[in-house]
file final.cif (mmCIF, C-alpha atoms and all ligand atoms)
data_model
loop_
_atom_site.label_atom_id
_atom_site.label_comp_id
_atom_site.auth_asym_id
_atom_site.auth_seq_id
_atom_site.Cartn_x
_atom_site.Cartn_y
_atom_site.Cartn_z
CA MET A 1 9.14 -9.18 -10.97
CA LEU A 2 6.90 -10.85 -8.38
CA ALA A 3 7.90 -13.94 -6.41
CA GLY A 4 5.28 -16.12 -4.81
CA PRO A 5 3.64 -19.45 -4.28
CA GLY A 6 2.66 -21.78 -7.12
CA GLY A 7 -0.55 -23.78 -7.45
CA ARG A 8 -3.49 -22.84 -9.61
CA GLU A 9 -7.01 -23.83 -8.79
CA ASN A 10 -10.36 -24.65 -10.40
CA VAL A 11 -13.13 -22.59 -8.84
CA VAL A 12 -16.58 -21.31 -9.77
CA VAL A 13 -17.78 -18.21 -7.92
CA ARG A 14 -21.56 -18.30 -8.08
CA ASP A 15 -24.05 -15.39 -8.12
CA ALA A 16 -21.73 -12.59 -6.96
CA ARG A 17 -22.19 -8.98 -7.96
CA ILE A 18 -19.16 -8.52 -10.21
CA VAL A 19 -17.66 -5.03 -10.22
CA ASP A 20 -14.67 -4.13 -12.38
CA PRO A 21 -14.71 -0.41 -13.15
CA LEU A 22 -12.09 -0.59 -15.92
CA GLU A 23 -13.84 -3.47 -17.70
CA ASN A 24 -17.18 -1.67 -17.32
CA VAL A 25 -18.72 -4.61 -15.50
CA ASP A 26 -21.33 -4.34 -12.76
CA ALA A 27 -23.65 -7.35 -12.93
CA LEU A 28 -24.82 -10.45 -11.09
CA LEU A 29 -22.90 -13.28 -12.78
CA ASP A 30 -20.84 -16.44 -12.24
CA VAL A 31 -17.10 -16.59 -12.84
CA ARG A 32 -15.37 -19.84 -13.72
CA ILE A 33 -11.65 -20.22 -13.09
CA ASP A 34 -9.84 -23.04 -14.89
CA ASN A 35 -6.34 -23.77 -13.64
CA GLY A 36 -5.99 -20.26 -12.18
CA VAL A 37 -7.25 -18.39 -15.25
CA ILE A 38 -10.67 -16.78 -15.72
CA ALA A 39 -12.22 -19.03 -18.37
CA GLN A 40 -15.84 -17.90 -18.46
CA ILE A 41 -18.11 -15.16 -17.11
CA GLY A 42 -21.86 -15.59 -17.45
CA GLU A 43 -25.14 -16.80 -16.00
CA ARG A 44 -25.53 -20.27 -14.46
CA LEU A 45 -22.19 -21.59 -15.70
CA ASP A 46 -21.37 -25.28 -15.67
CA THR A 47 -19.26 -26.11 -12.66
CA ASN A 48 -17.22 -28.84 -14.39
CA GLU A 49 -16.63 -30.47 -11.01
CA HIS A 50 -14.83 -27.31 -9.89
CA ARG A 51 -15.06 -26.14 -6.33
CA VAL A 52 -18.15 -23.91 -6.04
CA VAL A 53 -18.16 -20.76 -3.91
CA GLU A 54 -21.73 -19.59 -3.25
CA ALA A 55 -21.41 -15.81 -3.23
CA ALA A 56 -24.97 -14.47 -3.40
CA GLY A 57 -25.13 -11.09 -1.70
CA GLN A 58 -21.38 -10.57 -2.03
CA THR A 59 -19.29 -8.47 -4.40
CA LEU A 60 -16.43 -9.85 -6.50
CA VAL A 61 -13.79 -7.28 -7.46
CA PRO A 62 -10.26 -7.18 -8.92
CA ALA A 63 -7.92 -8.02 -6.03
CA PHE A 64 -5.85 -5.25 -4.44
CA VAL A 65 -2.18 -4.39 -4.98
CA ASP A 66 -0.23 -2.70 -2.18
CA PRO A 67 2.87 -0.87 -3.42
CA HIS A 68 4.17 -0.08 0.08
CA VAL A 69 4.60 -2.77 2.75
CA HIS A 70 7.27 -3.32 5.39
CA LEU A 71 7.89 -7.05 5.86
CA ARG A 72 10.73 -6.40 8.37
CA THR A 73 12.64 -9.35 6.89
CA PRO A 74 15.56 -9.81 7.17
CA GLY A 75 16.40 -8.57 10.64
CA ARG A 76 13.18 -7.98 12.59
CA GLU A 77 11.32 -11.24 12.18
CA ASP A 78 9.90 -10.68 15.68
CA GLU A 79 7.75 -7.92 14.08
CA ALA A 80 6.89 -9.49 10.72
CA THR A 81 7.99 -12.24 8.36
CA ILE A 82 7.36 -12.91 4.70
CA ALA A 83 4.75 -15.45 5.87
CA SER A 84 2.97 -13.25 8.42
CA GLY A 85 3.01 -10.11 6.24
CA THR A 86 1.66 -11.89 3.19
CA ALA A 87 -0.97 -13.71 5.30
CA ALA A 88 -2.14 -10.29 6.47
CA ALA A 89 -2.14 -9.13 2.84
CA ALA A 90 -4.25 -12.09 1.73
CA ALA A 91 -6.71 -11.44 4.57
CA GLY A 92 -6.95 -7.82 3.40
CA GLY A 93 -7.86 -8.80 -0.16
CA TYR A 94 -4.44 -8.23 -1.71
CA CYS A 95 -3.14 -10.39 -4.56
CA ALA A 96 0.28 -8.69 -4.63
CA ILE A 97 2.38 -6.48 -2.39
CA LEU A 98 5.66 -4.63 -2.80
CA ALA A 99 8.13 -4.81 0.10
CA MET A 100 10.38 -1.99 1.26
CA PRO A 101 14.16 -2.53 1.50
CA ASN A 102 14.85 -0.73 4.82
CA THR A 103 15.58 -4.00 6.57
CA GLU A 104 18.60 -5.17 8.58
CA PRO A 105 20.65 -5.50 6.45
CA VAL A 106 19.29 -3.12 3.83
CA VAL A 107 18.40 -4.77 0.51
CA ASP A 108 21.16 -3.12 -1.52
CA ASP A 109 22.95 -6.08 -3.12
CA PRO A 110 21.76 -8.74 -5.58
CA GLU A 111 22.53 -11.63 -3.18
CA THR A 112 20.19 -10.40 -0.43
CA LEU A 113 17.51 -9.66 -3.01
CA ARG A 114 17.74 -13.10 -4.64
CA GLY A 115 17.58 -14.72 -1.19
CA LEU A 116 14.34 -12.90 -0.39
CA ARG A 117 12.80 -13.82 -3.71
CA THR A 118 13.66 -17.48 -3.19
CA ARG A 119 12.16 -17.44 0.30
CA ALA A 120 8.98 -15.78 -0.99
CA GLU A 121 8.43 -18.67 -3.38
CA THR A 122 8.01 -21.07 -0.46
CA GLU A 123 6.88 -18.79 2.41
CA ALA A 124 4.60 -16.17 0.86
CA HIS A 125 0.80 -16.43 0.77
CA VAL A 126 0.56 -13.92 -2.09
CA PRO A 127 3.17 -12.81 -4.66
CA VAL A 128 5.68 -10.21 -3.43
CA GLY A 129 7.84 -7.74 -5.32
CA PHE A 130 10.94 -6.51 -3.54
CA PHE A 131 12.30 -2.99 -3.78
CA ALA A 132 16.04 -2.43 -3.54
CA ALA A 133 17.72 0.62 -2.06
CA ILE A 134 18.68 3.67 -4.12
CA THR A 135 21.85 4.27 -2.09
CA LYS A 136 24.19 1.79 -0.40
CA GLY A 137 22.95 1.06 3.11
CA GLN A 138 20.34 3.77 2.49
CA ALA A 139 23.06 6.08 3.76
CA GLY A 140 22.44 8.69 1.08
CA ASP A 141 26.09 8.85 0.00
CA GLU A 142 26.70 6.45 -2.84
CA LEU A 143 24.36 4.91 -5.41
CA ALA A 144 23.62 1.18 -5.13
CA GLU A 145 24.23 -0.88 -8.25
CA LEU A 146 20.82 -0.27 -9.74
CA GLY A 147 21.55 -2.22 -12.94
CA SER A 148 22.53 -5.47 -11.27
CA LEU A 149 19.75 -5.10 -8.70
CA ALA A 150 17.22 -4.74 -11.52
CA ASP A 151 18.71 -7.84 -13.18
CA ALA A 152 18.30 -9.70 -9.86
CA GLY A 153 14.57 -8.86 -9.87
CA ALA A 154 14.16 -5.55 -8.03
CA VAL A 155 10.64 -4.24 -8.64
CA GLY A 156 11.82 -0.65 -8.15
CA PHE A 157 14.12 1.45 -5.98
CA THR A 158 13.57 3.39 -2.79
CA ASP A 159 15.34 4.54 0.36
CA ASP A 160 12.01 4.55 2.23
CA GLY A 161 12.30 5.41 5.88
CA ARG A 162 14.47 8.32 4.90
CA PRO A 163 14.85 10.75 2.00
CA VAL A 164 17.66 11.02 -0.50
CA ALA A 165 18.72 14.32 1.03
CA ALA A 166 21.16 15.53 -1.63
CA ALA A 167 19.41 16.79 -4.75
CA GLY A 168 22.48 16.06 -6.89
CA LEU A 169 22.56 12.41 -5.83
CA MET A 170 18.83 12.06 -6.43
CA ARG A 171 19.29 13.53 -9.90
CA ARG A 172 22.11 11.09 -10.65
CA ALA A 173 19.99 8.17 -9.39
CA LEU A 174 17.22 9.14 -11.80
CA GLN A 175 19.61 9.55 -14.74
CA TYR A 176 21.40 6.27 -14.04
CA ASN A 177 18.12 4.45 -13.43
CA ALA A 178 17.09 5.09 -17.05
CA ILE A 179 18.88 1.82 -17.95
CA THR A 180 16.65 -0.26 -15.67
CA GLY A 181 13.19 0.98 -16.67
CA ARG A 182 12.11 0.66 -13.03
CA THR A 183 10.43 3.37 -10.99
CA ILE A 184 12.14 5.23 -8.15
CA ALA A 185 9.87 5.74 -5.15
CA VAL A 186 10.63 8.55 -2.75
CA HIS A 187 10.01 9.25 0.92
CA CYS A 188 9.79 13.04 0.86
CA GLU A 189 11.10 14.56 4.07
CA GLU A 190 13.33 17.58 4.54
CA GLN A 191 14.86 16.47 7.81
CA SER A 192 16.26 19.88 8.73
CA LEU A 193 12.59 20.89 9.11
CA THR A 194 11.19 17.73 10.72
CA ARG A 195 13.84 16.90 13.31
CA GLY A 196 12.24 16.58 16.74
CA GLY A 197 8.76 16.44 15.21
CA HIS A 198 6.28 13.82 16.38
CA ALA A 199 3.00 15.22 15.05
CA HIS A 200 1.69 17.69 12.45
CA ALA A 201 2.89 21.21 13.26
CA GLY A 202 -0.55 22.66 13.98
CA ASP A 203 -2.85 23.66 16.81
CA VAL A 204 -3.23 20.12 18.22
CA ALA A 205 0.52 19.58 18.62
CA THR A 206 0.84 23.05 20.13
CA GLU A 207 -1.92 22.37 22.67
CA LEU A 208 -0.40 19.03 23.59
CA GLY A 209 3.13 20.46 23.72
CA ILE A 210 4.42 17.97 21.15
CA GLY A 211 7.20 18.81 18.67
CA GLY A 212 5.81 19.70 15.23
CA TRP A 213 6.52 18.03 11.83
CA PRO A 214 5.40 20.75 9.39
CA SER A 215 3.72 20.22 6.01
CA LEU A 216 6.64 22.10 4.44
CA GLY A 217 8.92 19.30 5.66
CA GLU A 218 7.21 17.12 3.07
CA SER A 219 6.05 19.48 0.35
CA LEU A 220 9.44 21.13 -0.17
CA MET A 221 10.95 17.80 -1.15
CA VAL A 222 7.89 16.81 -3.17
CA ALA A 223 8.41 20.00 -5.20
CA ARG A 224 12.10 19.13 -5.65
CA ASP A 225 11.40 15.58 -6.80
CA VAL A 226 8.60 16.66 -9.14
CA ASP A 227 11.05 19.08 -10.74
CA LEU A 228 13.76 16.40 -10.92
CA ALA A 229 11.29 14.11 -12.71
CA GLY A 230 10.75 16.91 -15.21
CA ASP A 231 14.44 17.68 -15.51
CA THR A 232 15.53 14.08 -16.10
CA GLY A 233 12.46 12.80 -17.94
CA GLN A 234 12.50 9.81 -15.58
CA SER A 235 9.65 8.45 -13.47
CA VAL A 236 9.31 9.35 -9.82
CA HIS A 237 6.72 7.90 -7.46
CA LEU A 238 5.88 9.99 -4.37
CA MET A 239 5.08 7.83 -1.38
CA HIS A 240 2.60 8.43 1.44
CA LEU A 241 1.53 11.98 0.59
CA SER A 242 -0.02 13.79 3.53
CA ALA A 243 -0.07 17.55 2.87
CA ARG A 244 -2.34 19.70 0.72
CA GLU A 245 0.69 21.50 -0.77
CA SER A 246 2.19 18.17 -1.86
CA VAL A 247 -0.94 17.33 -3.85
CA ASP A 248 -0.67 20.74 -5.55
CA HIS A 249 2.95 20.05 -6.58
CA LEU A 250 2.06 16.60 -7.90
CA ARG A 251 -0.84 18.02 -9.90
CA ARG A 252 1.43 20.70 -11.37
CA GLY A 253 3.97 18.04 -12.43
CA ARG A 254 1.36 15.81 -14.02
CA GLU A 255 -0.18 18.73 -15.90
CA ALA A 256 3.29 19.52 -17.23
CA GLY A 257 3.53 15.94 -18.52
CA TYR A 258 6.22 14.72 -16.12
CA CYS A 259 6.36 10.99 -15.25
CA VAL A 260 5.35 11.54 -11.66
CA THR A 261 2.84 9.52 -9.63
CA GLY A 262 1.66 9.54 -6.05
CA GLU A 263 0.16 7.31 -3.38
CA VAL A 264 -1.82 8.00 -0.21
CA SER A 265 -2.47 5.82 2.82
CA PRO A 266 -5.85 4.92 4.32
CA HIS A 267 -4.90 6.59 7.61
CA HIS A 268 -4.16 9.93 5.94
CA LEU A 269 -7.47 9.67 4.04
CA CYS A 270 -9.55 8.72 7.08
CA LEU A 271 -8.01 10.60 10.01
CA THR A 272 -6.71 14.02 11.02
CA HIS A 273 -4.37 15.17 13.77
CA GLU A 274 -7.39 15.42 16.08
CA ALA A 275 -6.91 11.65 16.57
CA ILE A 276 -3.64 12.15 18.45
CA ARG A 277 -5.39 13.86 21.36
CA THR A 278 -5.65 10.39 22.91
CA LEU A 279 -1.82 10.19 22.79
CA ASP A 280 -2.24 6.62 21.53
CA PRO A 281 1.01 5.73 19.71
CA ASN A 282 -1.08 3.84 17.12
CA PHE A 283 -1.90 7.29 15.68
CA LYS A 284 1.77 8.20 15.26
CA MET A 285 2.89 7.98 11.64
CA ASN A 286 5.57 9.42 9.39
CA PRO A 287 4.45 11.66 7.75
CA PRO A 288 2.02 12.60 10.53
CA LEU A 289 -1.76 12.84 10.40
CA ARG A 290 -2.56 16.38 9.28
CA ALA A 291 -5.42 18.88 9.30
CA GLU A 292 -8.89 18.53 7.80
CA ASP A 293 -8.02 20.66 4.73
CA ASP A 294 -5.08 18.35 4.01
CA ARG A 295 -7.33 15.30 4.28
CA ALA A 296 -9.85 16.98 1.96
CA ALA A 297 -7.11 17.71 -0.61
CA LEU A 298 -5.95 14.08 -0.50
CA ILE A 299 -9.51 12.86 -1.12
CA VAL A 300 -9.95 15.28 -4.05
CA GLY A 301 -6.55 14.22 -5.43
CA LEU A 302 -7.48 10.56 -5.24
CA ARG A 303 -10.89 11.22 -6.79
CA ASP A 304 -9.57 13.22 -9.76
CA GLY A 305 -6.70 10.78 -10.38
CA THR A 306 -3.85 13.12 -9.41
CA ILE A 307 -3.06 10.47 -6.81
CA SER A 308 -3.44 7.13 -8.55
CA ALA A 309 -2.76 4.63 -5.76
CA VAL A 310 -3.71 3.77 -2.21
CA ALA A 311 -0.77 2.30 -0.28
CA THR A 312 -0.99 1.08 3.29
CA ASP A 313 2.62 1.77 4.38
CA HIS A 314 1.97 -1.30 6.56
CA ALA A 315 4.61 -0.81 9.28
CA PRO A 316 4.64 -3.50 11.96
CA HIS A 317 6.10 -2.58 15.35
CA SER A 318 6.32 -4.83 18.38
CA ARG A 319 4.14 -4.14 21.40
CA GLU A 320 7.22 -3.28 23.50
CA GLU A 321 8.25 -0.66 20.96
CA LYS A 322 4.81 0.96 20.72
CA ASP A 323 3.77 0.58 24.37
CA VAL A 324 5.60 3.75 25.42
CA PRO A 325 4.73 7.47 25.64
CA PHE A 326 3.73 9.07 22.33
CA GLU A 327 6.97 10.98 21.85
CA SER A 328 9.15 7.91 22.46
CA ALA A 329 7.17 5.61 20.15
CA PRO A 330 8.35 4.76 16.63
CA PHE A 331 6.33 5.98 13.63
CA GLY A 332 4.02 3.63 11.74
CA VAL A 333 0.92 1.46 11.84
CA VAL A 334 -0.18 -1.82 10.27
CA GLY A 335 -2.82 -1.51 7.57
CA LEU A 336 -3.11 -4.48 5.23
CA GLU A 337 -6.07 -6.16 6.92
CA THR A 338 -8.06 -2.98 7.47
CA ALA A 339 -7.39 -0.88 4.35
CA PHE A 340 -10.55 -1.71 2.42
CA PRO A 341 -12.91 -1.72 5.44
CA ALA A 342 -11.47 1.64 6.56
CA LEU A 343 -11.91 3.27 3.15
CA TYR A 344 -15.34 1.75 2.67
CA THR A 345 -16.56 2.87 6.09
CA TYR A 346 -14.93 6.31 6.25
CA LEU A 347 -15.15 7.37 2.58
CA VAL A 348 -17.52 5.27 0.45
CA GLU A 349 -20.46 5.02 2.87
CA PRO A 350 -20.47 8.78 3.65
CA GLY A 351 -20.37 9.50 -0.11
CA LEU A 352 -16.89 11.07 -0.29
CA LEU A 353 -15.60 8.55 -2.84
CA THR A 354 -17.37 6.01 -5.03
CA LEU A 355 -16.78 2.29 -4.56
CA GLU A 356 -15.44 2.21 -8.14
CA THR A 357 -12.80 4.87 -7.42
CA VAL A 358 -11.60 3.08 -4.29
CA LEU A 359 -11.43 -0.25 -6.14
CA GLU A 360 -9.45 1.24 -9.04
CA ARG A 361 -6.96 3.09 -6.81
CA MET A 362 -6.36 -0.04 -4.71
CA SER A 363 -5.76 -2.32 -7.68
CA ALA A 364 -5.13 -1.14 -11.24
CA GLY A 365 -3.70 2.21 -10.11
CA PRO A 366 -0.72 0.85 -8.17
CA ALA A 367 -0.22 -2.07 -10.61
CA VAL A 368 0.22 0.29 -13.56
CA ILE A 369 2.75 2.51 -11.74
CA PHE A 370 5.08 -0.44 -11.17
CA GLY A 371 4.49 -2.25 -14.48
CA LEU A 372 2.59 -5.18 -12.95
CA GLU A 373 -0.26 -7.11 -14.57
CA ARG A 374 -3.48 -5.24 -13.82
CA PRO A 375 -5.92 -7.42 -11.87
CA ARG A 376 -9.11 -7.61 -13.95
CA ILE A 377 -12.27 -9.61 -14.28
CA ALA A 378 -12.09 -10.68 -17.90
CA VAL A 379 -11.80 -13.96 -19.76
CA GLY A 380 -8.16 -14.92 -20.21
CA ALA A 381 -6.92 -12.91 -17.21
CA THR A 382 -5.09 -14.58 -14.32
CA ALA A 383 -7.54 -14.92 -11.43
CA ASN A 384 -6.69 -12.09 -9.02
CA LEU A 385 -10.02 -11.66 -7.28
CA THR A 386 -11.38 -10.49 -3.96
CA LEU A 387 -14.80 -11.35 -2.60
CA LEU A 388 -16.27 -8.64 -0.38
CA ASP A 389 -19.18 -8.72 2.04
CA LEU A 390 -19.97 -5.01 1.91
CA ALA A 391 -22.72 -5.15 4.52
CA GLY A 392 -20.69 -7.35 6.86
CA SER A 393 -18.70 -5.84 9.68
CA TRP A 394 -16.10 -7.21 12.05
CA ARG A 395 -14.51 -6.03 15.23
CA VAL A 396 -10.80 -5.28 14.80
CA ARG A 397 -9.07 -7.12 17.63
CA ALA A 398 -5.37 -7.68 18.16
CA ASP A 399 -5.83 -11.42 18.62
CA ARG A 400 -7.67 -11.72 15.30
CA LEU A 401 -5.10 -9.97 13.11
CA ARG A 402 -2.82 -12.19 11.07
CA SER A 403 -0.08 -9.60 11.16
CA ARG A 404 2.60 -10.52 13.70
CA SER A 405 2.42 -6.96 15.05
CA GLN A 406 -0.97 -5.46 15.96
CA ASN A 407 -0.27 -1.72 15.97
CA SER A 408 -3.51 -0.84 14.18
CA TRP A 409 -5.31 2.49 14.57
CA LEU A 410 -8.62 0.62 14.18
CA LEU A 411 -8.34 -1.63 17.25
CA GLY A 412 -11.73 -1.90 18.92
CA GLU A 413 -13.59 -0.44 15.94
CA ARG A 414 -16.16 -2.28 13.85
CA PRO A 415 -15.73 -1.16 10.22
CA LYS A 416 -17.99 -2.40 7.43
CA GLY A 417 -16.80 -4.12 4.24
CA ARG A 418 -15.40 -7.51 5.11
CA VAL A 419 -13.02 -9.43 2.86
CA SER A 420 -14.36 -12.98 2.69
CA MET A 421 -12.04 -14.53 0.09
CA THR A 422 -8.89 -13.68 -1.87
CA ILE A 423 -7.67 -15.45 -4.98
CA ALA A 424 -4.09 -14.41 -5.83
CA ALA A 425 -2.33 -15.51 -9.02
CA GLY A 426 -4.95 -18.22 -9.54
CA ARG A 427 -4.73 -19.69 -6.07
CA VAL A 428 -7.09 -19.29 -3.10
CA ALA A 429 -4.91 -17.36 -0.65
CA PHE A 430 -7.49 -16.52 1.99
CA GLU A 431 -11.03 -17.49 2.95
ZN ZN A 501 8.35 6.47 4.25
ZN ZN A 502 7.15 3.05 4.57
#
call {"tool": "encode", "arguments": {"input": "final.cif", "output": "structure tokens"}}
result
Amino acid sequence: MLAGPGGRENVVVRDARIVDPLENVDALLDVRIDNGVIAQIGERLDTNEHRVVEAAGQTLVPAFVDPHVHLRTPGREDEATIASGTAAAAAGGYCAILAMPNTEPVVDDPETLRGLRTRAETEAHVPVGFFAAITKGQAGDELAELGSLADAGAVGFTDDGRPVAAAGLMRRALQYNAITGRTIAVHCEEQSLTRGGHAHAGDVATELGIGGWPSLGESLMVARDVDLAGDTGQSVHLMHLSARESVDHLRRGREAGYCVTGEVSPHHLCLTHEAIRTLDPNFKMNPPLRAEDDRAALIVGLRDGTISAVATDHAPHSREEKDVPFESAPFGVVGLETAFPALYTYLVEPGLLTLETVLERMSAGPAVIFGLERPRIAVGATANLTLLDLAGSWRVRADRLRSRSQNSWLLGERPKGRVSMTIAAGRVAFE
């Protein structure tokens, strides 16, 4: 289901601390990669004339998987391309990303989808899976041809950017999608409640006189889609959860045994609506940053596994688009290059989440939801590895980001936890 570059390398990573929570590994060892596959893990391995990466003091982990990226291609290549988006992904430690279909045109026919997959084989720095739309043109009226889109390689289906407003159509999509075995991912927004909203409907928006986007605008549709997952027996993935009530609905669905999963973004885990007091449009997201009790519920949900994936919702916007007053600016921020440093600095270092939890939710968690090979540090596994300098920090600067758009909420900050190398599908994608 992934399309990406070929080329498999011979590498020995020497003396790294190897951490793979699911393989129960945490030890100082060497890893030898033969032709892109992990061939040996042990002490003082023979290098066999392989390239040697001296990694003492660094941490080698399963590479990350981002299930929610906007590559803006086709249509807005001024904001991002397959090449620039996947270069940003590689720099962020990702070995695979999944791209959203709300492009111009929308990815709702097999031809467009096949064209993107072909381009990814030559242009991408890491493998990419492409979502296709649930409804034609993402207009919410008529189902796309899910069967032929799945045959053409769709990794899943979503109308991200907008909800499937009609419950009956959403139910039919789930029933019909049973033939594809793919997951439907949903952007939960009840637009009759969020229209005119630019920030969380709370005291900060009130003080600033900004239109509110209430938690209910998300959680009402989360409740609906959890119940539709139960009703149809089909899998539903809830994207970019932001509200405490949404986590409660997801937990209820999972306890009832429904096939329902959820993701959360680094910005919703690290920030609250207090950040918008600066009126910097790089803190304007959809759904919006919410209150501290929402953030706390997201962290608890991620910790206890109710939410099984971190997703950046990497949303490039050009400087001209974002360099306007808060209420005129589009929603969304870039996140691929800063996701791990942000989570490490804001959550792991203060003791809110363990390193192991963050690593699992950034890698195996999202891979499992979408039926992808789980990155792991084990003999026989494809080398999908990220080398981290946990003590190292770097200043986030627009001119240093590989993303073609630089609308990051971390500009000017100096987070810890630097990605120093990424090996994706057996090939060195970043160093
Ligand atoms: Zn969305
Ligand atoms: Zn999105």
call {"tool": "closest_atom_pairs", "arguments": {"input": "final.cif", "of": "segment 214-319 of chain A", "to": "segment 176-197 of chain A", "cutoff": "9 Å", "atoms": "all atoms listed in the file", "output": "CSV"}}
result
residue,atom,partner,partner_atom,distance
A:Pro214,CA,A:Thr194,CA,6.7
A:Leu216,CA,A:Leu193,CA,7.7
A:Gly217,CA,A:Glu190,CA,4.9
A:Glu218,CA,A:Glu189,CA,4.8
A:Ser219,CA,A:Cys188,CA,7.5
A:Leu220,CA,A:Glu190,CA,7.1
A:Met221,CA,A:Cys188,CA,5.3
A:Val222,CA,A:Cys188,CA,5.8
A:Asp225,CA,A:Val186,CA,8.1
A:Gln234,CA,A:Ala178,CA,6.7
A:Ser235,CA,A:Thr183,CA,5.7
A:Val236,CA,A:Ile184,CA,5.3
A:His237,CA,A:Ala185,CA,4.5
A:Leu238,CA,A:Val186,CA,5.2
A:Met239,CA,A:His187,CA,5.6
A:His240,CA,A:His187,CA,7.5
A:Leu241,CA,A:Cys188,CA,8.3
A:Pro287,CA,A:Glu189,CA,8.1
call {"tool": "write_last_selection", "arguments": {"input": "final.cif", "atoms": "C-alpha atoms", "output": "compact mmCIF listing (two decimals), in the frame of the given file"}}
result
# COMPACT_ATOMS: atom_id res chain seq x y z
CA PRO A 214 5.40 20.75 9.39
CA LEU A 216 6.64 22.10 4.44
CA GLY A 217 8.92 19.30 5.66
CA GLU A 218 7.21 17.12 3.07
CA SER A 219 6.05 19.48 0.35
CA LEU A 220 9.44 21.13 -0.17
CA MET A 221 10.95 17.80 -1.15
CA VAL A 222 7.89 16.81 -3.17
CA ASP A 225 11.40 15.58 -6.80
CA GLN A 234 12.50 9.81 -15.58
CA SER A 235 9.65 8.45 -13.47
CA VAL A 236 9.31 9.35 -9.82
CA HIS A 237 6.72 7.90 -7.46
CA LEU A 238 5.88 9.99 -4.37
CA MET A 239 5.08 7.83 -1.38
CA HIS A 240 2.60 8.43 1.44
CA LEU A 241 1.53 11.98 0.59
CA PRO A 287 4.45 11.66 7.75
call {"tool": "residues_near_ligand", "arguments": {"input": "final.cif", "ligand": "ligand ZN 502 (chain A)", "cutoff": "12 Å", "atoms": "all atoms listed in the file", "output": "NGL selection string"}}
result
:A and (66-72 or 98-103 or 131 or 158-163 or 185-188 or 238-241 or 263-265 or 285-287 or 311-316 or 331-335)
call {"tool": "residues_around", "arguments": {"input": "final.cif", "residues": "segment 404-413 of chain A", "least_positions_apart": "6", "cutoff": "8 Å", "atoms": "all atoms listed in the file", "output": "list in words"}}
result
Asp78, Glu79, Ala80, Thr81, Ser84, Gly85, Asn282, Phe283, Pro316, His317, Ser318, Arg319, Lys322, Val333, Val334, Gly335, Thr338, Arg395, Val396, Arg397 and Ala398 of chain A
call {"tool": "residues_near_point", "arguments": {"input": "final.cif", "point": "(3.1, -23.4, -4.4)", "cutoff": "12 Å", "atoms": "all atoms listed in the file", "output": "list in words"}}
result
Ala3, Gly4, Pro5, Gly6, Gly7, Arg8, Glu9, Arg119, Ala120, Glu121, Thr122, Glu123, Ala124, His125, Val126, Pro127, Ala424, Ala425, Gly426, Arg427, Val428 and Ala429 of chain A
call {"tool": "atom_distance", "arguments": {"input": "final.cif", "atom1": "atom CA of Val379 of chain A", "atom2": "atom CA of Gly92 of chain A"}}
result
24.4 Å
call {"tool": "closest_residue", "arguments": {"input": "final.cif", "among": "A:Leu359, A:Ala63, A:Val53, A:Ile276", "to": "Glu207 of chain A", "atoms": "only C-alpha atoms"}}
result
A:Ile276
call {"tool": "closest_residue", "arguments": {"input": "final.cif", "among": "A:Ala167, A:Met1, A:Leu28, A:Leu298", "to": "Leu353 of chain A", "atoms": "only C-alpha atoms"}}
result
A:Leu298
